[in-house]
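Here the structure is laid out as structure tokens; the discussion comes afterwards.
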Amino acid sequence: MLTDILSLARAAWEDLQERLFFLPPFPDEVDSLALFSMLLVVGLLVGEWLRARLGWPKVVGYVLAGALFGPSVLGWISIEALAQTRPVADAALGLLMLEIGRRLDLRWLGHHRGLLWAAIAEITLSFTAIFLFAWGVVGLIPAWAAAAAAVTMASAPAVVLLIVEESRAQGQVTERMIMHTALSAAASFVVFAVVVGVVHAEYSDDWLNAVVHPLWVVVGALVVAWLMALLALLVASRLPKRSLAQVFILVATALLAVGTARMLAVPVFLTLFLMGAILSFGDHERTLSYTDLPEGHWLLAIILFVVVGASLPWQDFTWLIGLQAVGLLLVRAVAKVAALAWAGDGLNAVRRRVLVGIGIQPLSATAVFMAYEIAGLYPEIGRSSLSLPLFAAAIMELTGPVLCRFALVRAGETAPTDHSREGVA
Amino acid sequence: MSQPIAEFKQSQPLTLGVELELQLLSVRDFDLTRGATDLLGSMDYDGRFGEIKLEITESMIEVSTLPRTLVDGIAADLVGLRQALVNQCARNHIAVCGGGTHPFHRWSERRICPGDRFDEIYHRYGYLAKQFTVFGQHIHVGCSSGDDAIWLTQALGAYVPVFIALSASSPFVDGEDTLFQSARLNAVSAFPLSGQCPALRDWAEFIEHFSLLQACGIARSIKDLYWDIRPKPEFGTVEIRICDTPLTVERAAALAALAQSLVRRLLRTRPVLNTQRQLHVARYNKFQACRYGFDAQISDPIGLRQVPLRQIARELLAALAEDARELGCCAWLELLDASLASEISDARWLRRRQAIHGNLNDVVREAAMRFGKNGGMNFAEETR
């Protein structure tokens with residue numbers, strides 16, 4: 001139907017062109033800005049509608065909008081259009097990863113060893129359980145089982161941060177959710193780098209790539225992150241703390257890091273996470289500690305989740321892979337909740353530890369981007385081998401934010417609903 | 001439901017107890033954060049130095065010492081309570097600090113603590129309850145009878161400005177310099193039963209007055225009286241409630257020493273009180289002390305003149321030397337004397353840090369660091 005309408009419009013336009021010579025050729029592709037704006041409006045409307053009607057987190061609405069209008073269902077967002085929006089999605093993910101890196105306060109682990117043990121338990125158990133499931137139950141070869149575990153072992157920093165901000169949650173469950181999310185993300189990035197080498201070793205005789213590529217990923221990201229953090233601190237130290245100028249510097253250096261990472265083919269999420277962590281740990285004068293990202297990053301986050309929703313391979317869905325993905329998520333959930341309930345973490349009540357475990361269930365943009373990074377190494381086999389974690393991410397795109405919000409609400413850490421504050425943020 | 005006033009529990013005269021309301025901060029930006037119930041819920045503390053309990057909002061925590069006869073005992077309790085709190089806060093990724101107001105928090109973001117009493121206060125006072133996220137020091141001094149407690153409530157009234165000036169630590173509100181030394185009391189004064197105790201002669205008159213308030217539906221329990229100084233029959237004390245929480249527990253102990261020495265002197269000399277006249281100038285004098293601190297001009301309703309607060313405070317500290325010696329708290333009063341002589345107050349320290357840093361986040365961060373470490377007994381040293 002859309003094609004019919006377009007054909008009619010094209011014919012009419014070309015008729016007009018014969019008489020109005022200033023008219024440009026019929027626009028076959030939507031302009032980037034127009035596309036950006038449409039994604040924003042559609043995502044926003046669906047997110048707000050679901051929030052208002054069903055009380056669901058807005059992120060779910062953004063993902064649903066992407067899935068519905070993306071190539072898999074209605075096809076209004078084409079694959080080409082998705083590629084066009086990738087820089088914006090990278091920028092959005094980058095800013096959120098920068099923020100989660102900035103929240104990674106290693107000094108807390110120094111004061112609270114129990115938290116460190118809980119994090120180690122959660123990371124180890126999650127990776128092991130998912131790897132064994134993917135290898136032993138689903139039957140993936142060890143390299144792809146490790147890749148699936150690397151991609152899905154961590155929580156979703158972007159989702160957790162957005163839900164915490166949306167609910168204005170504060171408290172010990174919230175703090176621990178953010179900390180465990182940041183630590184498990186860090187661990188998954190390390191495993192991811194190793195897996196890159198393992199996949200090379202599995203499919204290529206070229207040992208140089210198997211060794212150098214993981215190093216390129218890690219060292220490249222580290223160098224870019226370090227340089228950009230240094231630049232940010234250097235310039236910001238000459239400006240008043242918390243000033244608007246400092247906000248601009250923080251955003252500008254983050255975007256510079258995103259662009260540089262893209263140019264050097266090192267993962268954006270890893271680079272920006274490291275940049276945030278370096279800013280958190282190395283900012284001794286607290287030059288940028290009090291400078292928040294502008295509210296505008298919410299707009300970018302909407303685009304990010306619409307793009308993620310549209311990127312997921314919904315058309316490849318089969319009941320078998322759906323069941324396998326559900327199995328992976330169950331194993332993962334049990335591993336996370338059991339590790340935190342057992343390890344204690346300084347929270348006396350088991351109920352609150354379980355809530356932390358539930359709150360870190362989301363699996364989202366970082367996992368999807370990581371999966372595509374690994375799959376991109378050997379596209380002919382990678383895509384099908386990683387459909388399991390991609391489907392797990394697809395399911396969690398919709399249930400993860402709800403679980404995260406549920407945990408915060410049950411912990412009593414969300415702010416009372418104030419409808420006057422409803423809106424984009 | 002109205003509660004009858006408890007019998008005045010006789011206590012050993014001049015015993016002391018101190019309560020401090022403290023701020024719970026996010027270590028990320030040093031804004032107030034929600035943390036009180038979590039903190040207490042996971043705390044392993046045996047109560048050896050006194051109590052740690054909830055206050056009206058989740059960003060506040062209250063510590064109270066055990067009853068002690070010596071100021072040194074109060075100081076030891078406060079140091080013990082501080083250490084227990086600082087350790088527990090570090091495990092919870094939050095910080096704790098003193099000060100009468102948080103310099104830049106937004107009151108609308110505060111959350112009321114769970115509990116029927118807090119819920120009832122919130123429903124009765126509305127937003128005032130959230131704005132009541134201010135932090136004070138209360139000093140209890142033991143009295144042998146209800147009559148003494150009422151007499152002291154009146155007699156101590158004239159010294160309220162001195163306590164305010166010496167404890168002032170709330171110059172910033174909503175991120176702005178208020179030009180006050182103690183802006184905290186402006187939040188308290190919004191409550192209908194705040195201010196001064198009326199001119200009552202003895203315990204019987206107090207009971208009569210309170211019964212009237214109850215009959216008119218104005219007050220239900222003695223906790224509804226937010227007077228600057230009030231009797232506390234359950235403890236057998238008179239309670240001085242006008243001090244800001246200082247930035248250090250050492251200054252809090254020094255203020256307790258001032259209260260103890262002053263009460264001893266008043267009970268020993270039993271001066272004639274001019275309560276009615278004092279009530280005419282009480283609010284003005286309180287404003288002067290809050291606004292100008294040591295530079296306040298205090299109205300004397302008997303001599304019909306104005307006297308610099310600095311002069312009143314110096315003369316008072318000199319006059320209390322003998323009582324302080326008897327009570328073994330001279331060193332603590334000397335701290336206050338030195339503070340007065342060198343014009344060093346917590347409010348001034350906060351302003352100086354603000355001038356250095358140019359932002360209030362760093363000011364609160366340094367205030368938290370200052371609260372957490374052993375300040376010793378030298379305020380002047382601390383301010384450098």
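By convention here, the chains of the structure tokens are called A, B, ... in the order presented, each chain's residues are numbered starting at 1, and ligands are numbered starting at 1 in the order presented.
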Using only C-alpha atoms, what table do you get, as a Markdown table, when you list each residue of chain B with an atom no more than 7 Å from chain A, its nearest pair of atoms, and their distance in Å rounded to one decimal, rows by chain then rising number?
| residue | atom | partner | partner_atom | distance |
| --- | --- | --- | --- | --- |
| B:Asp29 | CA | A:Tyr290 | CA | 5.4 |
| B:Thr33 | CA | A:Gln170 | CA | 6.9 |
| B:Arg34 | CA | A:Gln170 | CA | 5.7 |
| B:Gly35 | CA | A:Gly171 | CA | 5.7 |
| B:Asp38 | CA | A:Gln172 | CA | 6.5 |
| B:Ser42 | CA | A:Asn348 | CA | 5.6 |
| B:Ala90 | CA | A:His111 | CA | 6.2 |
| B:Arg91 | CA | A:His112 | CA | 5.3 |
| B:Asn92 | CA | A:Gln172 | CA | 6.8 |
| B:His93 | CA | A:Trp108 | CA | 6.1 |
| B:Asn359 | CA | A:Lys241 | CA | 6.8 |
Please provide the set of residues having any atom within 8 Å of Ser184 of chain A, restricted to only C-alpha atoms, with same-chain residues fewer than 6 positions apart removed, written as a short mmCIF file (atom, residue, chain, number, x, y, z; two decimals) with N, CA and C atoms, in the first residue's frame.
data_model
loop_
_atom_site.label_atom_id
_atom_site.label_comp_id
_atom_site.auth_asym_id
_atom_site.auth_seq_id
_atom_site.Cartn_x
_atom_site.Cartn_y
_atom_site.Cartn_z
N ALA A 119 30.16 -9.16 43.61
CA ALA A 119 30.32 -8.86 42.17
C ALA A 119 31.07 -10.00 41.48
N GLU A 122 28.75 -12.92 41.13
CA GLU A 122 27.71 -12.69 40.12
C GLU A 122 28.28 -12.82 38.70
N ILE A 123 29.45 -12.23 38.49
CA ILE A 123 30.08 -12.26 37.16
C ILE A 123 30.47 -13.70 36.79
N MET A 153 26.18 -11.96 29.57
CA MET A 153 26.45 -12.11 31.00
C MET A 153 26.17 -10.83 31.79
N ALA A 154 26.36 -9.68 31.16
CA ALA A 154 26.23 -8.43 31.90
C ALA A 154 24.81 -7.89 31.85
N SER A 155 24.53 -7.02 32.77
CA SER A 155 23.25 -6.29 32.73
C SER A 155 23.37 -5.19 31.67
#
Query raised in the report: Among segment 384-416 of chain A, which ones does DSSP place in helix (DSSP H, G or I), written as number ranges by chain?
Result: A: 384-385, 387-410
Cut-off 12 Å: closest segment 10-86 of chain B/segment 262-265 of chain B atom pairs per residue, using only C-alpha atoms, as CSV:
residue,atom,partner,partner_atom,distance
B:Pro13,CA,B:Arg264,CA,8.7
B:Leu14,CA,B:Arg264,CA,6.9
B:Thr15,CA,B:Arg264,CA,10.5
B:Leu16,CA,B:Val263,CA,10.8
Selection file, C-alpha atoms, as a PDB file, in the first residue's frame:
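Output file selection_2.pdb follows:
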ATOM      1  CA  PRO B  13      20.556  17.867  88.206  1.00  0.00           C
ATOM      2  CA  LEU B  14      23.038  18.986  85.547  1.00  0.00           C
ATOM      3  CA  THR B  15      23.336  15.615  83.850  1.00  0.00           C
ATOM      4  CA  LEU B  16      23.675  16.114  80.133  1.00  0.00           C
TER       5      LEU B  16
END
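Interatomic distance, atom CA of Ile321 of chain A against atom CA of Pro214 of chain A: 29.2 Å.
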Report task. For Ala313 of chain B, list every protein, DNA or RNA residue within 8 Å, evaluated using only C-alpha atoms, and leave out those in the same chain fewer than 4 positions away; present the list as a list of chain:residue names. Result ->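 With the cut-off at 8 Å, the set is B:Val162, B:Leu309, B:Leu317.
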Keeping C-alpha atoms, export the residues of the selection given above as an mmCIF file, in the first residue's frame.
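That gives us part-v2.cif:
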data_model
loop_
_atom_site.group_PDB
_atom_site.id
_atom_site.type_symbol
_atom_site.label_atom_id
_atom_site.label_comp_id
_atom_site.auth_asym_id
_atom_site.auth_seq_id
_atom_site.Cartn_x
_atom_site.Cartn_y
_atom_site.Cartn_z
ATOM 1 C CA VAL B 162 24.365 33.394 72.384
ATOM 2 C CA LEU B 309 26.164 40.041 71.260
ATOM 3 C CA LEU B 317 31.885 32.962 79.287
#
Report task. Just the residues within 10 Å of segment 219-225 of chain B, please, counting only C-alpha atoms, with nothing from its chain fewer than 5 positions along; format it as a PyMOL selection string. Result -> chain B and resi 1-6+121+191-197+210-214+230-233
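With distances restricted to only C-alpha atoms, A:Thr260 is the closest residue to Ala221 of chain A from A:Thr253, A:Thr260, A:Gln246, A:Ser237.
Taking atom CA of Gln361 of chain A as the reference point, atom CA of Pro401 of chain A is found at 8.4 Å.
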Query - Non-local contacts of Leu140 of chain A (10 Å; only C-alpha atoms; under 5 positions in same chain excluded) as a list in words - result: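 Residues meeting the cut-off are Phe131, Leu132, Phe133, Ala134, Trp135, Ala145, Ala146, Ala147, Ala148, Ser385, Leu386 and Leu388 of chain A.
The environment of segment 70-85 of chain A within 6 Å, counting only C-alpha atoms and disregarding residues fewer than 4 places along the same chain, consists of Gly66, Ala310, Trp314 and Gln315 of chain A.
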Requested in this report: Would you list the contacts of Asn361 of chain B as a list in words, taking every protein, DNA or RNA residue within 9 Å and counting only C-alpha atoms, but skipping same-chain residues closer than 5 positions in sequence?
Outcome: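 Contacts, with the query itself left out: Tyr290 of chain A; Asp29, Phe30, Asp31, Pro103, Phe104 and Glu366 of chain B.
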